[in-house]
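Down below is the structure, laid out as structure tokens.
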Amino acid sequence: MGEPITVLCVDDDPELVELTATFLERAEERVRAHTAGSADEGLTFLAEDGVDCIVSDYEMPGCDGLAFLESVRAEYPDLPFLLFTGRGSEEIASEAISAGVTDYMQKEGGTDQYAVLARRVRNAVEHYRAREAAAAAHERAKTILEASPDAIVVSIDDEYVYANRSAAELFDASDPEELVGLRIPEVVHPAERDAVSDALRRAEPGEFTVNQAERTLRSLRGRTFPAEVTGRGITWDGEQAVVAIIRDVSERTLLAGDVRAEREALRELYALTAEGDPEVAALVDLGRERLSLPYGYFVRDDGPTVVRRDPDAPERPPPREACERTVERGRSLALVADGEGTYLGAPVYDGEERVGVLCFSDGGEREEFSKTERAFAELLALWVGFAAAN
């Protein structure tokens with residue numbers, strides 16, 4: 001049978017309102033009809049019990065059908081409201097439509113009209129429930145999207161119509177509304193705009209047409225970053241749209257670059273040691289070049305310091321104190337020493353005896369070193385210890 005439909009019939013004629021309620025229930029078995037003798041009674045019933053649909057007469061003392069409709073619309077803007085009146089005119093129909101009436105039907109003789117009225121009531125309620133269900137689902141979806149740590153955006157015709165808080169943070173927006181209304185090309189690197197637009201045009205509801213594509217995006221403040229974009233065609237507010245989950249993969253990209261650099265550095269180190277016992281100076285040079293730093297030092301605990309520098313870098317005395325500070329507590333670390341630069345150091349051992357510090361400096365440009373760079377410096381320090389002992 002389906003879900004029951006609660007209808008409130010409002011008419012100041014007690015016989016007619018009872019007749020309408022009775023025949024509506026006979027014509028549609030899902031209908032549960034109630035009656036009210038005036039607009040005031042109708043508003044009271046609506047507030048206390050609630051209904052799925054109102055069927056109201058037009059001519060009623062105190063408050064006619066149009067005034068009743070406007071009172072209902074003030075609090076229930078979408079509730080189905082059918083004006084069922086014995087007085088018909090284009091003027092009344094026009095006013096009813098302007099006031100937001102769901103349907104308008106003129107009373108006629110006979111009982112056949114109630115089957116038509118029941119059908120209109122059923123259609124209006126089913127349409128209303130479908131809209132309400134869609135709106136509720138839409139709100140639930142937005143609640144879920146807002147809670148996501150991933151950046152999520154929805155676009156229609158290449159224009160953002162929704163963005164969650166994470167998306168605003170990713171694109172350096174003050175709030176999600178700053179993204180709404182933007183064209184997608186505005187946040188995509190110019191070199192990839194055509195590819196992104198083509199992928200969006202191919203998106204169909206329910207189809208994974210843009211799946212984990214790597215893109216270079218641009219924030220509202222001009223910052224570019226690599227991103228993994230997973231998109232799917234959906235229906236949003238009744239229109240074909242695309243929802244996209246965007247993940248900033250800058251750290252992953254940097255890590256991949258670090259891994260490649262480390263492997264290359266190890267290949268060079270093995271190639272150098274394969275030629276025989278490498279000299280300390282050659283190892284220091286290898287580290288300086290691989291780390292792209294202008295200065296490299298092997299500061300011996302008792303003996304001369306080995307200094308290697310880029311030919312274009314100015315000469316300066318070995319910063320023994322700064323290098324020593326990079327290996328405090330026996331581990332390598334990076335620090336800015338006395339405003340002269342950032343230093344990366346690792347202790348050098350001959351067996352269990354410390355013999356010095358391997359240290360590299362940027363000359364004042366760098367702010368930090370990666371874990372991979374630190375690990376390479378420590379590995380290189382092992383070979384320097386071996387070379388120093390021989």
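Each chain in the structure tokens gets a letter, A, B, ..., in the order shown, and its residues are numbered from 1; ligands are numbered from 1 in order too.
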
Exercise: Ala99 in chain A partners within 8 Å, only C-alpha atoms, chain neighbours under 5 positions left out, as a list of chain:residue names: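 Final neighbour list, sorted by chain and number: A:Leu66, A:Leu69, A:Glu70.
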
Neighbour list for range 50-58 of chain A as a ChimeraX atom specification, cut-off 7 Å, only C-alpha atoms, skip fewer than 6 positions in-chain: /A:5-11,64-66,79-85,125

Writer output for current selection, all heavy atoms, as a short mmCIF file (atom, residue, chain, number, x, y, z; two decimals), in the first residue's frame:
data_model
loop_
_atom_site.label_atom_id
_atom_site.label_comp_id
_atom_site.auth_asym_id
_atom_site.auth_seq_id
_atom_site.Cartn_x
_atom_site.Cartn_y
_atom_site.Cartn_z
N ILE A 5 -1.04 8.57 3.92
CA ILE A 5 -1.04 10.00 3.60
C ILE A 5 -2.05 10.69 4.50
O ILE A 5 -3.25 10.41 4.42
CB ILE A 5 -1.39 10.24 2.12
CG1 ILE A 5 -0.35 9.58 1.21
CG2 ILE A 5 -1.51 11.73 1.83
CD1 ILE A 5 -0.72 9.62 -0.26
N THR A 6 -1.58 11.57 5.35
CA THR A 6 -2.47 12.29 6.25
C THR A 6 -2.91 13.59 5.59
O THR A 6 -2.07 14.42 5.22
CB THR A 6 -1.77 12.61 7.58
OG1 THR A 6 -1.30 11.40 8.15
CG2 THR A 6 -2.73 13.27 8.54
N VAL A 7 -4.23 13.76 5.45
CA VAL A 7 -4.79 14.93 4.77
C VAL A 7 -5.68 15.70 5.74
O VAL A 7 -6.49 15.10 6.46
CB VAL A 7 -5.59 14.53 3.52
CG1 VAL A 7 -6.18 15.77 2.83
CG2 VAL A 7 -4.72 13.75 2.55
N LEU A 8 -5.53 17.02 5.74
CA LEU A 8 -6.41 17.87 6.52
C LEU A 8 -7.35 18.61 5.58
O LEU A 8 -6.91 19.38 4.73
CB LEU A 8 -5.60 18.89 7.33
CG LEU A 8 -6.42 19.91 8.14
CD1 LEU A 8 -7.26 19.20 9.19
CD2 LEU A 8 -5.51 20.95 8.78
N CYS A 9 -8.66 18.34 5.71
CA CYS A 9 -9.67 19.00 4.89
C CYS A 9 -10.24 20.18 5.69
O CYS A 9 -10.72 20.00 6.82
CB CYS A 9 -10.79 18.03 4.53
SG CYS A 9 -10.21 16.58 3.61
N VAL A 10 -10.22 21.38 5.10
CA VAL A 10 -10.66 22.59 5.80
C VAL A 10 -11.80 23.22 5.01
O VAL A 10 -11.64 23.57 3.83
CB VAL A 10 -9.50 23.58 5.96
CG1 VAL A 10 -9.97 24.81 6.75
CG2 VAL A 10 -8.31 22.92 6.65
N ASP A 11 -12.96 23.35 5.67
CA ASP A 11 -14.14 23.97 5.02
C ASP A 11 -15.10 24.38 6.13
O ASP A 11 -15.27 23.64 7.11
CB ASP A 11 -14.81 22.96 4.08
CG ASP A 11 -15.76 23.63 3.09
OD1 ASP A 11 -16.54 24.52 3.52
OD2 ASP A 11 -15.72 23.28 1.90
N ASP A 64 -10.09 33.65 4.44
CA ASP A 64 -10.40 32.84 3.27
C ASP A 64 -9.24 31.90 2.94
O ASP A 64 -8.19 31.89 3.58
CB ASP A 64 -10.76 33.73 2.08
CG ASP A 64 -9.61 34.61 1.61
OD1 ASP A 64 -8.44 34.25 1.88
OD2 ASP A 64 -9.87 35.64 0.95
N GLY A 65 -9.44 31.10 1.89
CA GLY A 65 -8.45 30.09 1.53
C GLY A 65 -7.09 30.65 1.18
O GLY A 65 -6.05 30.03 1.50
N LEU A 66 -7.04 31.81 0.52
CA LEU A 66 -5.75 32.41 0.14
C LEU A 66 -4.99 32.90 1.37
O LEU A 66 -3.78 32.73 1.48
CB LEU A 66 -5.95 33.54 -0.85
CG LEU A 66 -6.37 33.13 -2.26
CD1 LEU A 66 -6.53 34.35 -3.15
CD2 LEU A 66 -5.33 32.18 -2.87
N LEU A 79 4.89 22.49 2.08
CA LEU A 79 3.82 21.53 2.36
C LEU A 79 2.77 21.57 1.26
O LEU A 79 2.29 22.65 0.89
CB LEU A 79 3.18 21.86 3.71
CG LEU A 79 2.09 20.89 4.19
CD1 LEU A 79 2.72 19.54 4.57
CD2 LEU A 79 1.34 21.48 5.38
N PRO A 80 2.37 20.40 0.70
CA PRO A 80 1.33 20.39 -0.34
C PRO A 80 0.04 21.04 0.15
O PRO A 80 -0.48 20.70 1.23
CB PRO A 80 1.14 18.90 -0.62
CG PRO A 80 2.46 18.29 -0.28
CD PRO A 80 2.96 19.07 0.91
N PHE A 81 -0.47 21.96 -0.64
CA PHE A 81 -1.69 22.70 -0.30
C PHE A 81 -2.54 22.78 -1.56
O PHE A 81 -2.13 23.38 -2.56
CB PHE A 81 -1.34 24.10 0.20
CG PHE A 81 -2.48 24.86 0.80
CD1 PHE A 81 -2.54 25.12 2.16
CD2 PHE A 81 -3.54 25.34 0.00
CE1 PHE A 81 -3.60 25.83 2.72
CE2 PHE A 81 -4.60 26.04 0.55
CZ PHE A 81 -4.63 26.29 1.93
N LEU A 82 -3.72 22.15 -1.53
CA LEU A 82 -4.63 22.16 -2.68
C LEU A 82 -5.83 23.03 -2.34
O LEU A 82 -6.47 22.85 -1.30
CB LEU A 82 -5.10 20.75 -3.03
CG LEU A 82 -4.11 19.88 -3.83
CD1 LEU A 82 -2.93 19.45 -2.95
CD2 LEU A 82 -4.81 18.66 -4.42
N LEU A 83 -6.13 23.97 -3.21
CA LEU A 83 -7.31 24.81 -3.04
C LEU A 83 -8.47 24.15 -3.78
O LEU A 83 -8.43 23.97 -5.00
CB LEU A 83 -7.04 26.21 -3.61
CG LEU A 83 -7.95 27.34 -3.12
CD1 LEU A 83 -7.86 27.49 -1.61
CD2 LEU A 83 -7.57 28.64 -3.81
N PHE A 84 -9.47 23.74 -3.04
CA PHE A 84 -10.63 23.02 -3.60
C PHE A 84 -11.85 23.89 -3.33
O PHE A 84 -12.40 23.90 -2.23
CB PHE A 84 -10.75 21.66 -2.90
CG PHE A 84 -11.82 20.77 -3.45
CD1 PHE A 84 -11.93 20.52 -4.81
CD2 PHE A 84 -12.73 20.16 -2.59
CE1 PHE A 84 -12.91 19.68 -5.30
CE2 PHE A 84 -13.71 19.31 -3.07
CZ PHE A 84 -13.81 19.07 -4.43
N THR A 85 -12.26 24.64 -4.34
CA THR A 85 -13.26 25.69 -4.12
C THR A 85 -14.41 25.63 -5.12
O THR A 85 -14.25 25.20 -6.26
CB THR A 85 -12.57 27.07 -4.22
OG1 THR A 85 -13.55 28.09 -4.08
CG2 THR A 85 -11.86 27.24 -5.54
N VAL A 125 1.80 14.73 -2.65
CA VAL A 125 2.49 14.24 -1.47
C VAL A 125 3.73 13.41 -1.86
O VAL A 125 4.80 13.55 -1.25
CB VAL A 125 1.54 13.41 -0.58
CG1 VAL A 125 2.31 12.70 0.54
CG2 VAL A 125 0.46 14.31 0.00
#

Calculate how many Å separate CA of Ala191 in chain A from CA of Arg218 in chain A, rounding to one decimal. 11.4 Å

Please tabulate, as CSV, the residues of range 60-151 of chain A that come within 7 Å of range 37-45 of chain A, each with its closest pair of atoms and the distance in Å to one decimal, counting only C-alpha atoms and ordering rows by chain, then residue number upward.
residue,atom,partner,partner_atom,distance
A:Met60,CA,A:Ser38,CA,6.9
A:Cys63,CA,A:Ala39,CA,6.2
A:Phe68,CA,A:Ala39,CA,5.7

DSSP on the backbone, alpha helix (DSSP H) only: what residues of range 76-230 of chain A does that give? Format it as a PyMOL selection string. chain A and resi 90-98+112-147+165-170+193-201

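Using only C-alpha atoms for every distance, the candidate list A:Glu159, A:Glu25, A:Glu352, A:Asp49 yields A:Glu25 as the residue closest to Ala115 in chain A.
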
Quick one: residues within 9 Å of Glu279 in chain A, only C-alpha atoms, excluding same-chain residues fewer than 2 positions away - as a list in words? Asp277, Ala281, Ala282, Leu283, Val284, Val384, Ala387 and Ala388 of chain A

Neighbours of Ser292 in chain A within 10 Å (only C-alpha atoms; same-chain residues fewer than 2 positions away dropped), as a PDB file with N, CA, C and O atoms, in the first residue's frame?
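Contents of part.pdb, as written:
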ATOM      1  N   LEU A 286      82.355  14.525  -2.499  1.00  0.00           N
ATOM      2  CA  LEU A 286      81.170  13.793  -2.941  1.00  0.00           C
ATOM      3  C   LEU A 286      79.950  14.214  -2.126  1.00  0.00           C
ATOM      4  O   LEU A 286      78.872  14.476  -2.676  1.00  0.00           O
ATOM      5  N   GLY A 287      80.124  14.318  -0.810  1.00  0.00           N
ATOM      6  CA  GLY A 287      78.999  14.723   0.030  1.00  0.00           C
ATOM      7  C   GLY A 287      78.536  16.133  -0.257  1.00  0.00           C
ATOM      8  O   GLY A 287      77.335  16.409  -0.349  1.00  0.00           O
ATOM      9  N   ARG A 288      79.499  17.043  -0.414  1.00  0.00           N
ATOM     10  CA  ARG A 288      79.143  18.442  -0.684  1.00  0.00           C
ATOM     11  C   ARG A 288      78.380  18.576  -1.992  1.00  0.00           C
ATOM     12  O   ARG A 288      77.362  19.280  -2.066  1.00  0.00           O
ATOM     13  N   GLU A 289      78.855  17.874  -3.014  1.00  0.00           N
ATOM     14  CA  GLU A 289      78.197  17.965  -4.322  1.00  0.00           C
ATOM     15  C   GLU A 289      76.830  17.291  -4.301  1.00  0.00           C
ATOM     16  O   GLU A 289      75.867  17.798  -4.880  1.00  0.00           O
ATOM     17  N   ARG A 290      76.767  16.117  -3.642  1.00  0.00           N
ATOM     18  CA  ARG A 290      75.484  15.393  -3.627  1.00  0.00           C
ATOM     19  C   ARG A 290      74.446  16.149  -2.817  1.00  0.00           C
ATOM     20  O   ARG A 290      73.262  16.151  -3.159  1.00  0.00           O
ATOM     21  N   PRO A 294      77.712  24.430  -0.603  1.00  0.00           N
ATOM     22  CA  PRO A 294      78.983  25.023  -1.026  1.00  0.00           C
ATOM     23  C   PRO A 294      80.187  24.629  -0.166  1.00  0.00           C
ATOM     24  O   PRO A 294      81.326  24.724  -0.629  1.00  0.00           O
ATOM     25  N   TYR A 295      79.950  24.177   1.092  1.00  0.00           N
ATOM     26  CA  TYR A 295      81.070  23.912   1.984  1.00  0.00           C
ATOM     27  C   TYR A 295      80.992  22.505   2.567  1.00  0.00           C
ATOM     28  O   TYR A 295      79.919  22.030   2.949  1.00  0.00           O
ATOM     29  N   ASP A 310      82.864  24.862  -2.937  1.00  0.00           N
ATOM     30  CA  ASP A 310      82.546  25.182  -4.323  1.00  0.00           C
ATOM     31  C   ASP A 310      83.472  26.312  -4.778  1.00  0.00           C
ATOM     32  O   ASP A 310      83.703  27.266  -4.021  1.00  0.00           O
ATOM     33  N   PHE A 360      78.837  19.749   6.807  1.00  0.00           N
ATOM     34  CA  PHE A 360      78.528  20.472   5.566  1.00  0.00           C
ATOM     35  C   PHE A 360      77.735  21.723   5.911  1.00  0.00           C
ATOM     36  O   PHE A 360      76.931  21.735   6.850  1.00  0.00           O
ATOM     37  N   SER A 361      77.944  22.768   5.128  1.00  0.00           N
ATOM     38  CA  SER A 361      77.283  24.042   5.417  1.00  0.00           C
ATOM     39  C   SER A 361      76.721  24.645   4.142  1.00  0.00           C
ATOM     40  O   SER A 361      77.285  24.485   3.057  1.00  0.00           O
ATOM     41  N   ASP A 362      75.631  25.374   4.323  1.00  0.00           N
ATOM     42  CA  ASP A 362      74.956  25.977   3.169  1.00  0.00           C
ATOM     43  C   ASP A 362      75.375  27.417   2.929  1.00  0.00           C
ATOM     44  O   ASP A 362      75.025  28.000   1.917  1.00  0.00           O
TER      45      ASP A 362
END

In Å, how far is it from CA of Glu353 in chain A to CA of Pro318 in chain A?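 CA of Glu353 in chain A sits 22.5 Å away from CA of Pro318 in chain A.
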
Considering only C-alpha atoms, return as an MDAnalysis selection string whatever protein or nucleic-acid residues lie within 10 Å of range 339-348 of chain A, sequence-local ones (same chain, fewer than 3 positions apart) excluded. chainID A and resid 291 293 295:301 319 322:328 330:336 351:369 373:386 388

I'd like the neighbourhood of Glu214 in chain A as a list in words, where a residue qualifies if any of its atoms comes within 7 Å (using only C-alpha atoms), though same-chain residues fewer than 4 positions away should be ignored. Ala227, Glu228 and Val229 of chain A

Backbone DSSP call of strand (DSSP E) for range 45-253 of chain A, listed as a ChimeraX atom specification: /A:53-56,81-85,103-106,151-156,159-163,210-218,224-236,239-248

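Near Asp175 in chain A, within a cut-off of 12 Å and counting only C-alpha atoms, sit the residues A:Tyr162, A:Ala163, A:Asn164, A:Arg165, A:Ser166, A:Ala167, A:Ala168, A:Glu169, A:Leu170, A:Phe171, A:Asp172, A:Glu178, A:Leu179, A:Val180, A:Leu220, with same-chain residues fewer than 3 positions away left out.
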
Selected residues written out with all heavy atoms, as a compact mmCIF listing (two decimals), in the first residue's frame:
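File selection_13.txt, as written:
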# COMPACT_ATOMS: atom_id res chain seq x y z
N TYR A 162 30.30 23.58 -4.34
CA TYR A 162 30.44 23.17 -2.94
C TYR A 162 31.91 22.90 -2.66
O TYR A 162 32.65 22.39 -3.50
CB TYR A 162 29.63 21.91 -2.63
CG TYR A 162 29.97 21.33 -1.27
CD1 TYR A 162 29.42 21.86 -0.11
CD2 TYR A 162 30.90 20.29 -1.16
CE1 TYR A 162 29.78 21.36 1.13
CE2 TYR A 162 31.26 19.78 0.07
CZ TYR A 162 30.69 20.32 1.22
OH TYR A 162 31.04 19.84 2.44
N ALA A 163 32.35 23.26 -1.46
CA ALA A 163 33.70 22.94 -0.99
C ALA A 163 33.63 22.75 0.51
O ALA A 163 32.92 23.48 1.20
CB ALA A 163 34.68 24.05 -1.35
N ASN A 164 34.34 21.75 1.03
CA ASN A 164 34.34 21.57 2.48
C ASN A 164 35.48 22.36 3.12
O ASN A 164 36.28 23.00 2.44
CB ASN A 164 34.39 20.08 2.86
CG ASN A 164 35.72 19.43 2.49
OD1 ASN A 164 36.59 20.04 1.86
ND2 ASN A 164 35.88 18.18 2.87
N ARG A 165 35.54 22.31 4.44
CA ARG A 165 36.53 23.09 5.17
C ARG A 165 37.96 22.68 4.81
O ARG A 165 38.85 23.52 4.68
CB ARG A 165 36.30 22.91 6.68
CG ARG A 165 37.32 23.57 7.58
CD ARG A 165 37.37 25.06 7.44
NE ARG A 165 36.09 25.71 7.71
CZ ARG A 165 35.89 27.01 7.64
NH1 ARG A 165 36.89 27.81 7.26
NH2 ARG A 165 34.71 27.53 7.90
N SER A 166 38.17 21.38 4.60
CA SER A 166 39.51 20.91 4.24
C SER A 166 39.94 21.45 2.88
O SER A 166 41.11 21.74 2.66
CB SER A 166 39.54 19.37 4.22
OG SER A 166 39.29 18.85 5.51
N ALA A 167 38.98 21.60 1.96
CA ALA A 167 39.30 22.17 0.65
C ALA A 167 39.72 23.63 0.79
O ALA A 167 40.64 24.09 0.11
CB ALA A 167 38.11 22.03 -0.29
N ALA A 168 39.03 24.36 1.65
CA ALA A 168 39.38 25.76 1.87
C ALA A 168 40.81 25.88 2.39
O ALA A 168 41.59 26.72 1.95
CB ALA A 168 38.40 26.40 2.85
N GLU A 169 41.18 24.99 3.32
CA GLU A 169 42.54 25.02 3.87
C GLU A 169 43.56 24.65 2.80
O GLU A 169 44.63 25.27 2.71
CB GLU A 169 42.63 24.05 5.05
CG GLU A 169 41.77 24.48 6.24
CD GLU A 169 41.78 23.45 7.36
OE1 GLU A 169 42.42 22.38 7.16
OE2 GLU A 169 41.15 23.68 8.40
N LEU A 170 43.23 23.66 1.98
CA LEU A 170 44.17 23.22 0.95
C LEU A 170 44.45 24.32 -0.06
O LEU A 170 45.60 24.52 -0.49
CB LEU A 170 43.61 21.98 0.23
CG LEU A 170 44.46 21.43 -0.91
CD1 LEU A 170 45.81 20.94 -0.40
CD2 LEU A 170 43.73 20.29 -1.61
N PHE A 171 43.41 25.07 -0.44
CA PHE A 171 43.55 26.10 -1.46
C PHE A 171 43.81 27.49 -0.86
O PHE A 171 43.68 28.49 -1.56
CB PHE A 171 42.31 26.13 -2.36
CG PHE A 171 42.24 24.97 -3.31
CD1 PHE A 171 41.37 23.92 -3.09
CD2 PHE A 171 43.04 24.93 -4.44
CE1 PHE A 171 41.29 22.85 -3.96
CE2 PHE A 171 42.99 23.87 -5.32
CZ PHE A 171 42.11 22.82 -5.08
N ASP A 172 44.14 27.54 0.42
CA ASP A 172 44.46 28.80 1.10
C ASP A 172 43.31 29.80 1.03
O ASP A 172 43.52 31.01 0.91
CB ASP A 172 45.72 29.44 0.48
CG ASP A 172 46.95 28.57 0.64
OD1 ASP A 172 47.01 27.83 1.63
OD2 ASP A 172 47.85 28.63 -0.22
N GLU A 178 34.59 30.98 -0.28
CA GLU A 178 35.50 31.69 -1.18
C GLU A 178 35.79 30.86 -2.43
O GLU A 178 36.15 31.41 -3.48
CB GLU A 178 36.80 32.03 -0.46
CG GLU A 178 37.69 33.00 -1.24
CD GLU A 178 38.92 33.43 -0.46
OE1 GLU A 178 39.05 33.04 0.72
OE2 GLU A 178 39.75 34.15 -1.03
N LEU A 179 35.63 29.54 -2.32
CA LEU A 179 35.85 28.66 -3.47
C LEU A 179 34.61 28.53 -4.34
O LEU A 179 34.71 28.30 -5.55
CB LEU A 179 36.28 27.27 -3.00
CG LEU A 179 37.66 27.17 -2.35
CD1 LEU A 179 37.89 25.76 -1.84
CD2 LEU A 179 38.75 27.56 -3.33
N VAL A 180 33.43 28.66 -3.73
CA VAL A 180 32.17 28.51 -4.47
C VAL A 180 32.06 29.61 -5.52
O VAL A 180 32.23 30.79 -5.22
CB VAL A 180 30.96 28.54 -3.53
CG1 VAL A 180 29.65 28.52 -4.32
CG2 VAL A 180 31.01 27.35 -2.58
N LEU A 220 44.70 29.79 -4.03
CA LEU A 220 44.24 31.16 -4.28
C LEU A 220 45.35 32.17 -4.01
O LEU A 220 45.25 33.32 -4.46
CB LEU A 220 43.03 31.47 -3.39
CG LEU A 220 41.80 30.58 -3.57
CD1 LEU A 220 40.63 31.12 -2.77
CD2 LEU A 220 41.42 30.45 -5.03

Which distance in Å separates CA of Val187 in chain A and CA of Val154 in chain A, to one decimal? 13.7 Å

Nearest-residue call for Pro149 in chain A, choices A:Arg120, A:Arg247, A:Arg308, A:Lys371, using only C-alpha atoms: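 Distance minimum relative to Pro149 in chain A lands on A:Arg247.
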
Residue with smallest distance to Ile245 in chain A - pool A:Pro14, A:Pro311, A:Pro4, A:Gly231, counting only C-alpha atoms: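 Answer, going by the shortest atom-to-atom distance: A:Gly231.
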
For Val243 in chain A, which of A:Val161, A:Leu117, A:Val196, A:Ala134 is the closest residue, counting only C-alpha atoms?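 Closest residue, counting only C-alpha atoms: A:Val161.
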